[in-house]
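Here is entry.cif, consisting of mmCIF, C-alpha atoms:
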data_work
#
loop_
_atom_site.label_atom_id
_atom_site.label_comp_id
_atom_site.auth_asym_id
_atom_site.auth_seq_id
_atom_site.Cartn_x
_atom_site.Cartn_y
_atom_site.Cartn_z
CA MET A 1 -27.63 -28.73 -13.08
CA THR A 2 -23.84 -29.00 -12.79
CA GLN A 3 -22.44 -32.41 -13.61
CA THR A 4 -19.97 -33.77 -11.06
CA ILE A 5 -16.62 -34.66 -12.61
CA PRO A 6 -15.62 -38.23 -11.62
CA GLY A 7 -12.55 -38.35 -9.46
CA ILE A 8 -10.81 -39.64 -6.35
CA TYR A 9 -10.05 -37.00 -3.73
CA GLY A 10 -8.05 -36.86 -0.52
CA ARG A 11 -6.92 -40.48 -0.51
CA ASP A 12 -3.61 -42.21 0.21
CA ILE A 13 -2.57 -44.29 -2.81
CA VAL A 14 0.31 -46.77 -3.00
CA MET A 15 1.53 -47.85 -6.44
CA VAL A 16 3.71 -50.88 -7.19
CA GLY A 17 4.64 -52.24 -10.60
CA LEU A 18 7.20 -53.47 -13.05
CA GLN A 19 8.94 -50.19 -13.88
CA PRO A 20 10.84 -48.06 -11.36
CA TRP A 21 10.30 -44.32 -11.44
CA TYR A 22 14.04 -43.77 -11.99
CA PHE A 23 13.95 -45.51 -15.40
CA LYS A 24 14.20 -42.75 -18.00
CA THR A 25 11.55 -44.22 -20.27
CA GLY A 26 7.94 -43.19 -19.80
CA CYS A 27 5.31 -45.64 -18.62
CA ASN A 28 1.59 -45.73 -17.95
CA ALA A 29 1.98 -45.98 -14.18
CA LYS A 30 3.97 -42.73 -14.08
CA ASN A 31 1.24 -40.90 -15.99
CA ILE A 32 -1.45 -42.35 -13.74
CA ALA A 33 0.53 -41.46 -10.60
CA THR A 34 1.00 -37.87 -11.76
CA LEU A 35 -2.74 -37.41 -12.36
CA LEU A 36 -3.73 -39.09 -9.09
CA ALA A 37 -1.33 -36.83 -7.18
CA GLN A 38 -3.31 -33.76 -8.27
CA HIS A 39 -5.95 -34.55 -5.61
CA ASN A 40 -4.40 -37.36 -3.53
CA ARG A 41 -1.17 -38.39 -1.84
CA VAL A 42 0.69 -40.98 -3.92
CA LEU A 43 3.57 -43.27 -2.94
CA TYR A 44 5.28 -44.77 -6.02
CA VAL A 45 7.23 -47.86 -4.92
CA ASN A 46 10.13 -48.97 -7.10
CA VAL A 47 10.67 -52.65 -7.88
CA PRO A 48 12.66 -54.39 -5.12
CA ILE A 49 16.20 -55.45 -6.04
CA LYS A 50 16.98 -59.15 -6.32
CA ARG A 51 19.86 -60.44 -4.19
CA LYS A 52 21.49 -62.02 -7.24
CA ALA A 53 21.38 -58.73 -9.16
CA TYR A 54 22.73 -56.76 -6.18
CA HIS A 55 25.81 -59.00 -5.84
CA ALA A 56 26.41 -59.53 -9.57
CA LYS A 57 29.95 -58.84 -10.86
CA ASN A 58 28.51 -56.91 -13.79
CA PRO A 59 25.30 -55.38 -12.42
CA ASP A 60 22.58 -54.12 -14.71
CA PRO A 61 23.37 -50.42 -15.28
CA LYS A 62 19.65 -49.62 -15.31
CA LEU A 63 19.46 -50.64 -11.64
CA GLN A 64 22.42 -48.51 -10.56
CA PRO A 65 20.34 -45.65 -9.07
CA HIS A 66 18.61 -48.08 -6.69
CA MET A 67 21.82 -49.89 -5.80
CA GLU A 68 23.56 -46.58 -5.14
CA VAL A 69 20.81 -45.61 -2.71
CA LEU A 70 21.21 -48.88 -0.81
CA ARG A 71 25.01 -48.95 -0.79
CA THR A 72 25.51 -45.35 0.31
CA GLY A 73 22.69 -45.26 2.85
CA GLN A 74 20.82 -42.45 1.09
CA GLU A 75 17.28 -41.52 2.05
CA ARG A 76 15.06 -44.12 0.41
CA LEU A 77 11.92 -41.97 0.38
CA LYS A 78 12.27 -39.08 -2.06
CA PRO A 79 9.76 -36.42 -3.11
CA ILE A 80 9.07 -36.21 -6.85
CA ALA A 81 6.45 -33.47 -6.85
CA GLU A 82 3.75 -32.13 -4.57
CA ASN A 83 1.84 -35.10 -3.07
CA LEU A 84 4.04 -37.60 -4.96
CA TRP A 85 6.94 -39.65 -3.52
CA GLU A 86 9.31 -42.26 -4.92
CA PHE A 87 10.37 -45.09 -2.58
CA TYR A 88 13.39 -47.41 -2.89
CA PRO A 89 12.73 -50.69 -1.01
CA GLY A 90 15.70 -51.61 1.18
CA SER A 91 15.18 -55.37 1.49
CA LEU A 92 16.62 -57.67 -1.16
CA ILE A 93 14.38 -60.37 -2.59
CA GLU A 94 15.27 -63.82 -3.88
CA SER A 95 15.24 -64.93 -7.52
CA VAL A 96 12.43 -67.44 -7.77
CA ASN A 97 11.34 -67.66 -11.39
CA TRP A 98 13.78 -70.53 -12.05
CA LEU A 99 12.02 -72.82 -9.57
CA PRO A 100 10.41 -75.71 -11.48
CA SER A 101 7.50 -76.15 -9.08
CA THR A 102 4.86 -73.43 -8.83
CA ALA A 103 3.96 -74.72 -5.36
CA VAL A 104 7.54 -74.11 -4.17
CA PHE A 105 7.56 -70.81 -6.05
CA ARG A 106 4.55 -69.65 -4.01
CA LEU A 107 6.38 -70.28 -0.72
CA VAL A 108 9.46 -68.26 -1.67
CA ASP A 109 7.34 -65.60 -3.36
CA HIS A 110 5.38 -65.17 -0.14
CA ILE A 111 8.65 -64.54 1.71
CA ASN A 112 9.58 -61.95 -0.93
CA ASN A 113 6.18 -60.30 -0.63
CA ARG A 114 6.48 -60.14 3.18
CA ARG A 115 9.83 -58.35 2.90
CA PHE A 116 8.42 -56.03 0.26
CA SER A 117 5.30 -55.25 2.29
CA ARG A 118 7.35 -54.48 5.42
CA ASN A 119 9.34 -51.94 3.42
CA ILE A 120 6.16 -50.39 2.04
CA ARG A 121 4.69 -50.13 5.56
CA GLU A 122 7.83 -48.26 6.68
CA ALA A 123 7.26 -45.64 3.99
CA MET A 124 3.53 -45.50 4.74
CA THR A 125 4.27 -44.89 8.43
CA THR A 126 6.72 -42.11 7.60
CA LEU A 127 4.13 -40.40 5.39
CA GLY A 128 1.19 -41.15 7.67
CA PHE A 129 -0.65 -43.14 4.98
CA THR A 130 -3.82 -44.94 6.13
CA ASP A 131 -6.77 -46.71 4.50
CA ILE A 132 -4.83 -46.99 1.25
CA ILE A 133 -5.84 -47.68 -2.32
CA LEU A 134 -3.24 -50.14 -3.66
CA PHE A 135 -2.53 -50.03 -7.41
CA ASN A 136 -0.54 -52.92 -8.91
CA ASP A 137 0.83 -52.20 -12.37
CA ASN A 138 0.94 -55.70 -13.87
CA ASP A 139 3.46 -57.09 -11.32
CA ILE A 140 2.25 -60.65 -10.91
CA TYR A 141 5.01 -61.85 -8.59
CA ASN A 142 5.89 -58.96 -6.25
CA GLY A 143 2.26 -57.93 -5.97
CA PHE A 144 0.67 -61.36 -5.58
CA TYR A 145 0.22 -61.35 -1.77
CA LEU A 146 0.10 -57.60 -1.12
CA LYS A 147 -3.68 -57.52 -0.79
CA GLU A 148 -3.46 -59.84 2.21
CA LEU A 149 -0.29 -58.26 3.65
CA LEU A 150 -1.23 -54.57 3.33
CA ASN A 151 -5.02 -54.88 3.69
CA PRO A 152 -5.89 -51.98 1.37
CA SER A 153 -9.33 -50.43 1.11
CA VAL A 154 -9.21 -51.20 -2.62
CA TYR A 155 -6.78 -53.49 -4.45
CA ILE A 156 -6.48 -52.61 -8.15
CA TYR A 157 -4.76 -54.88 -10.66
CA TYR A 158 -3.77 -53.08 -13.87
CA LEU A 159 -3.46 -55.45 -16.83
CA ARG A 160 -1.61 -53.76 -19.69
CA ASP A 161 0.76 -56.45 -20.96
CA PHE A 162 0.14 -60.15 -21.55
CA LEU A 163 3.16 -61.43 -19.64
CA GLN A 164 1.94 -65.02 -19.91
CA GLY A 165 3.01 -64.92 -23.56
CA PHE A 166 6.69 -64.39 -22.68
CA ALA A 167 8.96 -67.37 -22.09
CA TYR A 168 10.33 -65.89 -18.85
CA TRP A 169 6.88 -65.50 -17.28
CA LYS A 170 4.93 -68.33 -18.85
CA LYS A 171 5.42 -71.20 -16.36
CA HIS A 172 4.30 -69.52 -13.12
CA ALA A 173 2.37 -66.50 -14.42
CA THR A 174 -0.04 -68.71 -16.36
CA VAL A 175 -1.15 -70.13 -13.00
CA LEU A 176 -0.79 -67.06 -10.80
CA GLU A 177 -2.13 -64.21 -12.91
CA PRO A 178 -5.69 -65.60 -13.19
CA GLU A 179 -5.68 -66.02 -9.39
CA LEU A 180 -4.47 -62.45 -8.94
CA ILE A 181 -7.17 -61.16 -11.28
CA ARG A 182 -9.81 -63.17 -9.40
CA LYS A 183 -8.94 -61.75 -5.98
CA ALA A 184 -8.48 -58.13 -7.12
CA ASP A 185 -11.22 -55.73 -6.03
CA VAL A 186 -11.00 -53.92 -9.37
CA VAL A 187 -9.24 -54.94 -12.60
CA LEU A 188 -8.40 -52.15 -15.05
CA THR A 189 -7.09 -52.76 -18.57
CA ASN A 190 -5.81 -50.66 -21.45
CA SER A 191 -7.04 -53.07 -24.13
CA LEU A 192 -10.53 -54.34 -24.96
CA TYR A 193 -9.01 -57.78 -25.54
CA PHE A 194 -7.59 -57.79 -22.00
CA THR A 195 -10.96 -56.63 -20.64
CA GLN A 196 -12.70 -59.57 -22.29
CA TYR A 197 -10.05 -61.93 -20.90
CA SER A 198 -10.24 -60.61 -17.32
CA GLU A 199 -14.06 -60.37 -17.32
CA GLY A 200 -14.13 -64.14 -17.73
CA ILE A 201 -12.32 -64.36 -14.39
CA ASN A 202 -13.50 -61.30 -12.47
CA PRO A 203 -16.71 -59.39 -13.37
CA ARG A 204 -15.24 -56.22 -11.80
CA SER A 205 -13.05 -55.73 -14.88
CA TYR A 206 -13.10 -52.41 -16.74
CA TYR A 207 -11.59 -50.94 -19.89
CA MET A 208 -9.96 -47.58 -19.24
CA GLY A 209 -8.16 -47.24 -22.57
CA GLN A 210 -4.66 -45.99 -23.17
CA GLY A 211 -3.44 -42.45 -22.74
CA CYS A 212 -0.79 -40.71 -24.83
CA ASP A 213 1.59 -37.94 -23.77
CA PHE A 214 0.68 -35.19 -26.21
CA GLU A 215 3.00 -32.72 -24.53
CA TYR A 216 5.82 -34.40 -26.45
CA PHE A 217 3.98 -35.60 -29.57
CA ASP A 218 2.90 -32.21 -30.85
CA PRO A 219 3.92 -31.33 -34.44
CA GLU A 220 3.80 -27.61 -33.68
CA LYS A 221 6.68 -27.98 -31.19
CA ILE A 222 9.09 -29.62 -33.65
CA VAL A 223 11.94 -27.46 -34.90
CA GLY A 224 14.32 -28.93 -37.48
CA LYS A 225 15.48 -32.54 -37.96
CA PRO A 226 17.84 -34.59 -35.82
CA GLN A 227 21.31 -34.60 -37.36
CA ASP A 228 21.47 -38.36 -37.93
CA ILE A 229 18.35 -38.39 -40.09
CA ALA A 230 18.75 -35.05 -41.86
CA ASP A 231 20.72 -36.45 -44.84
CA ILE A 232 18.62 -39.58 -45.40
CA PRO A 233 16.63 -39.15 -48.65
CA HIS A 234 12.85 -39.31 -48.72
CA PRO A 235 10.53 -41.14 -48.74
CA ILE A 236 11.30 -42.45 -45.27
CA VAL A 237 9.48 -45.33 -43.61
CA GLY A 238 10.04 -45.03 -39.87
CA TYR A 239 9.64 -46.88 -36.57
CA ILE A 240 10.24 -45.72 -32.99
CA GLY A 241 10.49 -48.08 -30.03
CA ALA A 242 12.33 -51.16 -28.85
CA LEU A 243 13.35 -53.52 -31.64
CA ASP A 244 12.09 -56.57 -29.76
CA SER A 245 11.87 -59.73 -31.88
CA GLU A 246 9.17 -61.25 -29.67
CA ARG A 247 6.89 -58.44 -30.82
CA LEU A 248 8.37 -57.22 -34.12
CA ASP A 249 9.13 -59.28 -37.21
CA PRO A 250 12.44 -58.33 -38.87
CA GLU A 251 11.49 -60.39 -41.92
CA ILE A 252 8.55 -58.06 -42.64
CA ILE A 253 10.91 -55.09 -42.57
CA ALA A 254 13.37 -56.89 -44.86
CA LEU A 255 10.54 -57.74 -47.26
CA PHE A 256 9.37 -54.18 -47.89
CA ALA A 257 12.88 -52.71 -47.71
CA ARG A 258 13.89 -54.94 -50.63
CA ALA A 259 10.61 -54.38 -52.48
CA LEU A 260 11.00 -50.58 -52.25
CA PRO A 261 14.72 -49.95 -52.78
CA ALA A 262 14.18 -46.23 -53.51
CA TRP A 263 12.63 -45.79 -50.05
CA ASN A 264 14.65 -45.59 -46.85
CA VAL A 265 13.71 -47.48 -43.68
CA VAL A 266 14.72 -45.77 -40.41
CA LEU A 267 14.55 -47.73 -37.15
CA VAL A 268 14.89 -45.71 -33.94
CA GLY A 269 15.30 -47.83 -30.82
CA PRO A 270 17.50 -50.36 -29.02
CA GLU A 271 17.92 -53.77 -30.67
CA ASP A 272 17.68 -57.20 -29.11
CA ASP A 273 20.05 -59.99 -30.17
CA VAL A 274 17.82 -61.19 -33.00
CA PHE A 275 17.71 -57.74 -34.58
CA ARG A 276 21.44 -57.20 -34.06
CA GLN A 277 22.17 -60.43 -35.93
CA SER A 278 19.51 -60.02 -38.62
CA THR A 279 20.09 -59.56 -42.35
CA LEU A 280 18.55 -56.11 -42.05
CA HIS A 281 22.06 -54.79 -41.35
CA ASN A 282 23.08 -55.90 -44.84
CA ILE A 283 20.27 -54.05 -46.66
CA PRO A 284 21.59 -50.65 -47.82
CA ASN A 285 18.31 -48.71 -47.43
CA VAL A 286 17.77 -49.81 -43.80
CA HIS A 287 19.20 -47.43 -41.18
CA PHE A 288 19.55 -48.24 -37.47
CA LEU A 289 19.79 -45.06 -35.41
CA GLY A 290 19.79 -46.65 -31.95
CA GLY A 291 17.86 -45.71 -28.83
CA LYS A 292 16.98 -42.06 -28.19
CA PRO A 293 15.68 -40.12 -25.19
CA PHE A 294 11.88 -40.08 -25.05
CA ALA A 295 11.78 -36.29 -25.47
CA GLN A 296 13.51 -36.61 -28.88
CA LEU A 297 11.29 -39.28 -30.43
CA ALA A 298 8.68 -36.91 -31.84
CA SER A 299 11.35 -35.09 -33.87
CA TYR A 300 12.16 -38.38 -35.62
CA VAL A 301 8.48 -39.13 -36.26
CA ALA A 302 8.17 -35.67 -37.79
CA ALA A 303 10.88 -36.63 -40.30
CA PHE A 304 9.10 -39.85 -41.37
CA ASP A 305 6.81 -39.96 -44.41
CA VAL A 306 5.05 -43.16 -43.30
CA CYS A 307 5.20 -44.81 -39.85
CA ILE A 308 5.13 -48.55 -39.27
CA ASN A 309 4.45 -51.18 -36.63
CA PRO A 310 5.38 -54.52 -38.25
CA GLN A 311 4.34 -56.77 -35.39
CA ARG A 312 4.29 -60.52 -35.28
CA LYS A 313 0.92 -62.13 -34.68
CA ASN A 314 1.22 -64.00 -31.39
CA GLU A 315 -0.14 -64.15 -27.84
CA ILE A 316 1.97 -61.16 -26.82
CA THR A 317 0.82 -58.77 -29.55
CA LYS A 318 -2.76 -59.97 -29.99
CA GLY A 319 -4.20 -57.85 -27.21
CA ASN A 320 -1.42 -55.39 -26.38
CA TYR A 321 -2.34 -51.78 -26.97
CA PRO A 322 0.17 -50.28 -29.45
CA LEU A 323 0.79 -46.85 -27.90
CA LYS A 324 3.16 -45.87 -30.68
CA ILE A 325 0.19 -45.76 -33.07
CA ASP A 326 -1.31 -42.90 -31.07
CA GLU A 327 2.09 -41.20 -31.08
CA TYR A 328 2.33 -41.53 -34.85
CA LEU A 329 -1.23 -40.31 -35.43
CA ALA A 330 -0.78 -37.41 -33.00
CA MET A 331 1.94 -36.19 -35.37
CA GLY A 332 -0.46 -36.52 -38.31
CA LYS A 333 1.49 -39.33 -39.96
CA PRO A 334 0.03 -42.11 -42.14
CA VAL A 335 0.49 -45.51 -40.49
CA VAL A 336 0.90 -49.05 -41.82
CA ALA A 337 0.72 -51.83 -39.23
CA THR A 338 0.04 -55.52 -38.80
CA ASN A 339 -3.64 -56.15 -38.15
CA THR A 340 -4.05 -57.51 -34.62
CA VAL A 341 -7.07 -57.59 -32.31
CA ALA A 342 -5.83 -54.48 -30.50
CA MET A 343 -5.38 -52.59 -33.80
CA GLN A 344 -9.10 -52.71 -34.53
CA ILE A 345 -9.72 -49.40 -32.77
CA PHE A 346 -7.39 -47.80 -35.31
CA LYS A 347 -8.88 -49.45 -38.42
CA ASP A 348 -10.40 -46.20 -39.75
CA HIS A 349 -7.15 -44.27 -39.29
CA ALA A 350 -4.42 -46.71 -40.33
CA TYR A 351 -3.60 -49.15 -43.14
CA LEU A 352 -3.67 -52.68 -41.73
CA ALA A 353 -1.80 -55.62 -43.25
CA GLU A 354 -3.16 -59.12 -42.80
CA GLN A 355 -0.08 -60.66 -44.42
CA PRO A 356 3.55 -59.46 -44.66
CA GLU A 357 3.31 -59.40 -48.47
CA GLU A 358 0.75 -56.57 -48.24
CA TYR A 359 3.21 -54.11 -46.71
CA PRO A 360 4.85 -52.70 -49.91
CA ALA A 361 1.54 -51.84 -51.58
CA LEU A 362 0.06 -50.42 -48.36
CA LEU A 363 3.12 -48.22 -47.81
CA GLN A 364 2.78 -46.81 -51.32
CA LYS A 365 -0.95 -46.33 -50.82
CA ALA A 366 -0.47 -44.61 -47.45
CA LEU A 367 1.97 -42.11 -48.93
CA GLY A 368 0.05 -41.59 -52.16
CA GLN A 369 -3.30 -40.93 -50.47
CA ASN A 370 -2.00 -38.63 -47.75
CA THR A 371 -3.57 -35.17 -47.55
CA PRO A 372 -3.50 -32.28 -45.04
CA ALA A 373 -7.14 -33.04 -44.18
CA MET A 374 -6.26 -36.66 -43.35
CA GLU A 375 -3.37 -35.47 -41.19
CA GLN A 376 -5.71 -33.22 -39.21
CA GLU A 377 -8.22 -36.05 -38.74
CA ARG A 378 -5.49 -38.37 -37.45
CA MET A 379 -4.38 -35.76 -34.93
CA ARG A 380 -7.98 -35.18 -33.81
CA PHE A 381 -8.58 -38.90 -33.31
CA ALA A 382 -5.33 -39.47 -31.42
CA ARG A 383 -6.15 -36.68 -28.99
CA THR A 384 -9.33 -38.44 -27.90
CA HIS A 385 -6.92 -40.87 -26.19
CA SER A 386 -5.79 -38.41 -23.55
CA TRP A 387 -4.83 -39.54 -20.06
CA GLU A 388 -7.56 -37.31 -18.63
CA ASN A 389 -10.18 -39.25 -20.63
CA CYS A 390 -8.67 -42.59 -19.63
CA MET A 391 -8.82 -41.78 -15.94
CA ILE A 392 -12.62 -41.32 -15.94
CA PRO A 393 -13.33 -45.11 -16.05
CA PHE A 394 -10.60 -45.58 -13.43
CA TYR A 395 -12.32 -43.20 -11.01
CA GLN A 396 -15.77 -44.64 -11.72
CA ALA A 397 -14.64 -48.24 -11.15
CA VAL A 398 -12.98 -47.45 -7.80
CA ASN A 399 -15.85 -45.26 -6.56
CA ASP A 400 -18.45 -47.86 -7.57
CA PHE A 401 -16.58 -50.60 -5.71
CA GLU A 402 -16.25 -48.55 -2.53
CA GLN A 403 -19.91 -47.50 -2.63
CA LYS A 404 -21.04 -51.12 -2.98
CA LYS A 405 -18.66 -52.17 -0.20
CA ASP A 406 -20.04 -49.48 2.11
CA HIS A 407 -23.59 -50.51 1.23
CA LEU A 408 -22.84 -54.13 2.17
CA LYS A 409 -21.37 -52.99 5.49
#
Encoded form (structure tokens):
Amino acid sequence: MTQTIPGIYGRDIVMVGLQPWYFKTGCNAKNIATLLAQHNRVLYVNVPIKRKAYHAKNPDPKLQPHMEVLRTGQERLKPIAENLWEFYPGSLIESVNWLPSTAVFRLVDHINNRRFSRNIREAMTTLGFTDIILFNDNDIYNGFYLKELLNPSVYIYYLRDFLQGFAYWKKHATVLEPELIRKADVVLTNSLYFTQYSEGINPRSYYMGQGCDFEYFDPEKIVGKPQDIADIPHPIVGYIGALDSERLDPEIIALFARALPAWNVVLVGPEDDVFRQSTLHNIPNVHFLGGKPFAQLASYVAAFDVCINPQRKNEITKGNYPLKIDEYLAMGKPVVATNTVAMQIFKDHAYLAEQPEEYPALLQKALGQNTPAMEQERMRFARTHSWENCMIPFYQAVNDFEQKKDHLK
């Protein structure tokens, strides 16, 4: 008997979220959209522009593509690939996060959502989208009222980042996100911790895991070293990703850099203000190489001897899935990381530090114990976290909901 492969076929799917398609960095929603577009029509809606940002004297350069579309009257609906479109909302929305009252915030946010939904309906009409599945990638504010305003067949909330832990989001998101989770038809998460959290609010919560883009993180495709790391002596302890002090602890890095002066620490990624002003810049064996295009990151990982993720332990990191660990393991590299709840799935394939003081010894152990067989096992394990595998629970959750809904009808 042939087993039917779970999937969603022939549907119209609208995706909203926190990251525009035109951002150069990869994101989960882009991967999900690409896979869904293999058998469905997908409209990927970029984040609406705030009025304050649009009229700023020094606008955010990351938003320039969207602003250029609006200012020059370009076509706002653009094909990306077969069955996949990118949409630039034309209406400006108001900045509301500063409002002290969540009750007042709701009123203005509803106005923003109405503008946003009107724009989305315009694109849906142009494409002939009907009976949509609406996928909200963790956008608590712009997606809060879209279930009511767009009346989708299925409303999916994708929880992949604990925004309530950030100062910017904390005041209103702490109230609104549980409500959004409660009214979602399906909640999907990339972390078991987030699944446990959302299950306490909505029983239709499912863990789909986290996919990794192995097209880029493939050791067999690496040729040579990047020029700015080629002359740095080994052993090299390396990190790729944003140097964000709300997630990463610069003091941990300083601790093991000083404890292992014969080792070199290479940090590849953009720095926030805390990292830019940290004492790490005064430690001679710490090297800041800056941000790099996503397609180049694997070549840096290939040059590392041991990879690190020196996270803080806080509400933000406790449940967040650390994708870079899969990227490190996919390259066969030994990994030393702070032990968080989300890191438990990697406990048999990484060296986990409970305290910062454990890092120097664990780094030495990770390098000293490394073997070709261990490298192969790390690569094998990482590849179980493919996007194709992650999408199976996604399909099952949506299909189960629609079957139960049809049964009730």
With 5 Å of padding per side, what axis-aligned box (centre and edge lengths, Å, one decimal) covers all the listed atoms of range 269-287 of chain A? Give it as lines of an AutoDock Vina configuration file.
center_x = 19.2
center_y = -54.3
center_z = -38.4
size_x = 17.8
size_y = 23.8
size_z = 28.8
Inset, instruction - Please identify all polymer residues within 7 Å of range 136-152 of chain A, counting all atoms listed in the file, omitting same-chain residues fewer than 5 positions from it, and present them as a ChimeraX atom specification. - result: /A:15-18,29,109-110,113,117,131,157-160,173,177,180
Legend entry - Pairwise distance for CA of Ser299 in chain A and CA of Ala382 in chain A, rounded to one decimal in Å: 17.4 Å
Inset, instruction - Please provide the set of residues having any atom within 12 Å of Ser205 in chain A, restricted to all atoms listed in the file, with same-chain residues fewer than 3 positions apart removed, written as a count of residues only. - result: 33
Legend entry - d(CA of Val274 in chain A, CA of Ile308 in chain A) in Å: 19.0 Å
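Reported to one decimal place, the separation of CA of Arg378 in chain A from CA of Leu248 in chain A is 23.6 Å.
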Legend entry - Nearby residues (all atoms listed in the file) at most 8 Å from range 336-345 of chain A, same-chain spacing under 4 positions excluded, as a PyMOL selection string: chain A and resi 191-193+306-313+317-322+350-356+359+362-363+366
Any chance you can output those residues with C-alpha atoms as an mmCIF file, keeping the file's coordinate frame?
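Contents of out_2.cif, as written:
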data_model
loop_
_atom_site.group_PDB
_atom_site.id
_atom_site.type_symbol
_atom_site.label_atom_id
_atom_site.label_comp_id
_atom_site.auth_asym_id
_atom_site.auth_seq_id
_atom_site.Cartn_x
_atom_site.Cartn_y
_atom_site.Cartn_z
ATOM 1 C CA SER A 191 -7.040 -53.070 -24.130
ATOM 2 C CA LEU A 192 -10.530 -54.340 -24.960
ATOM 3 C CA TYR A 193 -9.010 -57.780 -25.540
ATOM 4 C CA VAL A 306 5.050 -43.160 -43.300
ATOM 5 C CA CYS A 307 5.200 -44.810 -39.850
ATOM 6 C CA ILE A 308 5.130 -48.550 -39.270
ATOM 7 C CA ASN A 309 4.450 -51.180 -36.630
ATOM 8 C CA PRO A 310 5.380 -54.520 -38.250
ATOM 9 C CA GLN A 311 4.340 -56.770 -35.390
ATOM 10 C CA ARG A 312 4.290 -60.520 -35.280
ATOM 11 C CA LYS A 313 0.920 -62.130 -34.680
ATOM 12 C CA THR A 317 0.820 -58.770 -29.550
ATOM 13 C CA LYS A 318 -2.760 -59.970 -29.990
ATOM 14 C CA GLY A 319 -4.200 -57.850 -27.210
ATOM 15 C CA ASN A 320 -1.420 -55.390 -26.380
ATOM 16 C CA TYR A 321 -2.340 -51.780 -26.970
ATOM 17 C CA PRO A 322 0.170 -50.280 -29.450
ATOM 18 C CA ALA A 350 -4.420 -46.710 -40.330
ATOM 19 C CA TYR A 351 -3.600 -49.150 -43.140
ATOM 20 C CA LEU A 352 -3.670 -52.680 -41.730
ATOM 21 C CA ALA A 353 -1.800 -55.620 -43.250
ATOM 22 C CA GLU A 354 -3.160 -59.120 -42.800
ATOM 23 C CA GLN A 355 -0.080 -60.660 -44.420
ATOM 24 C CA PRO A 356 3.550 -59.460 -44.660
ATOM 25 C CA TYR A 359 3.210 -54.110 -46.710
ATOM 26 C CA LEU A 362 0.060 -50.420 -48.360
ATOM 27 C CA LEU A 363 3.120 -48.220 -47.810
ATOM 28 C CA ALA A 366 -0.470 -44.610 -47.450
#
Legend entry - Chain and number of each residue from the PyMOL selection byres ((chain A and resi 238-243) around 6), as number ranges by chain: A: 237, 244, 265-271, 304, 307-308
Inset, instruction - Can you pull out every residue within 10 Å of Pro226 in chain A, counting only C-alpha atoms, but drop anything in the same chain fewer than 4 positions away, and send it as a ChimeraX atom specification? - result: /A:230-231,296-297,299-300,302-303
Inset, instruction - Quick one: everything within 8 Å of Ser153 in chain A, counting all atoms listed in the file, minus sequence neighbours fewer than 3 positions away in the same chain. Send it as a PyMOL selection string. - result: chain A and resi 131-134
Write out, as an mmCIF file, in the coordinates of the input, the residues just selected, with C-alpha atoms.
data_model
loop_
_atom_site.group_PDB
_atom_site.id
_atom_site.type_symbol
_atom_site.label_atom_id
_atom_site.label_comp_id
_atom_site.auth_asym_id
_atom_site.auth_seq_id
_atom_site.Cartn_x
_atom_site.Cartn_y
_atom_site.Cartn_z
ATOM 1 C CA ASP A 131 -6.770 -46.710 4.500
ATOM 2 C CA ILE A 132 -4.830 -46.990 1.250
ATOM 3 C CA ILE A 133 -5.840 -47.680 -2.320
ATOM 4 C CA LEU A 134 -3.240 -50.140 -3.660
#
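Using the PyMOL selection byres ((chain A and resi 92) around 9) on this structure selects Pro48, Ile49, Lys50, Arg51, Lys52, Tyr54, Pro89, Gly90, Ser91, Ile93, Glu94, Asn112, Arg115 and Phe116 of chain A.
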Would you mind writing range 333-341 of chain A with N, CA and C atoms, as an mmCIF file, in the coordinates of the input?
data_model
loop_
_atom_site.group_PDB
_atom_site.id
_atom_site.type_symbol
_atom_site.label_atom_id
_atom_site.label_comp_id
_atom_site.auth_asym_id
_atom_site.auth_seq_id
_atom_site.Cartn_x
_atom_site.Cartn_y
_atom_site.Cartn_z
ATOM 1 N N LYS A 333 0.833 -38.470 -38.992
ATOM 2 C CA LYS A 333 1.490 -39.330 -39.960
ATOM 3 C C LYS A 333 0.607 -40.504 -40.415
ATOM 4 N N PRO A 334 0.689 -40.878 -41.703
ATOM 5 C CA PRO A 334 0.030 -42.110 -42.140
ATOM 6 C C PRO A 334 0.742 -43.321 -41.518
ATOM 7 N N VAL A 335 -0.030 -44.357 -41.220
ATOM 8 C CA VAL A 335 0.490 -45.510 -40.490
ATOM 9 C C VAL A 335 0.147 -46.798 -41.218
ATOM 10 N N VAL A 336 1.129 -47.691 -41.321
ATOM 11 C CA VAL A 336 0.900 -49.050 -41.820
ATOM 12 C C VAL A 336 1.330 -50.005 -40.708
ATOM 13 N N ALA A 337 0.448 -50.932 -40.357
ATOM 14 C CA ALA A 337 0.720 -51.830 -39.230
ATOM 15 C C ALA A 337 0.109 -53.192 -39.480
ATOM 16 N N THR A 338 0.632 -54.183 -38.769
ATOM 17 C CA THR A 338 0.040 -55.520 -38.800
ATOM 18 C C THR A 338 -1.320 -55.480 -38.115
ATOM 19 N N ASN A 339 -2.289 -56.147 -38.702
ATOM 20 C CA ASN A 339 -3.640 -56.150 -38.150
ATOM 21 C C ASN A 339 -3.735 -57.170 -37.015
ATOM 22 N N THR A 340 -3.831 -56.672 -35.795
ATOM 23 C CA THR A 340 -4.050 -57.510 -34.620
ATOM 24 C C THR A 340 -5.390 -57.138 -34.002
ATOM 25 N N VAL A 341 -5.813 -57.887 -32.991
ATOM 26 C CA VAL A 341 -7.070 -57.590 -32.310
ATOM 27 C C VAL A 341 -7.047 -56.169 -31.746
#
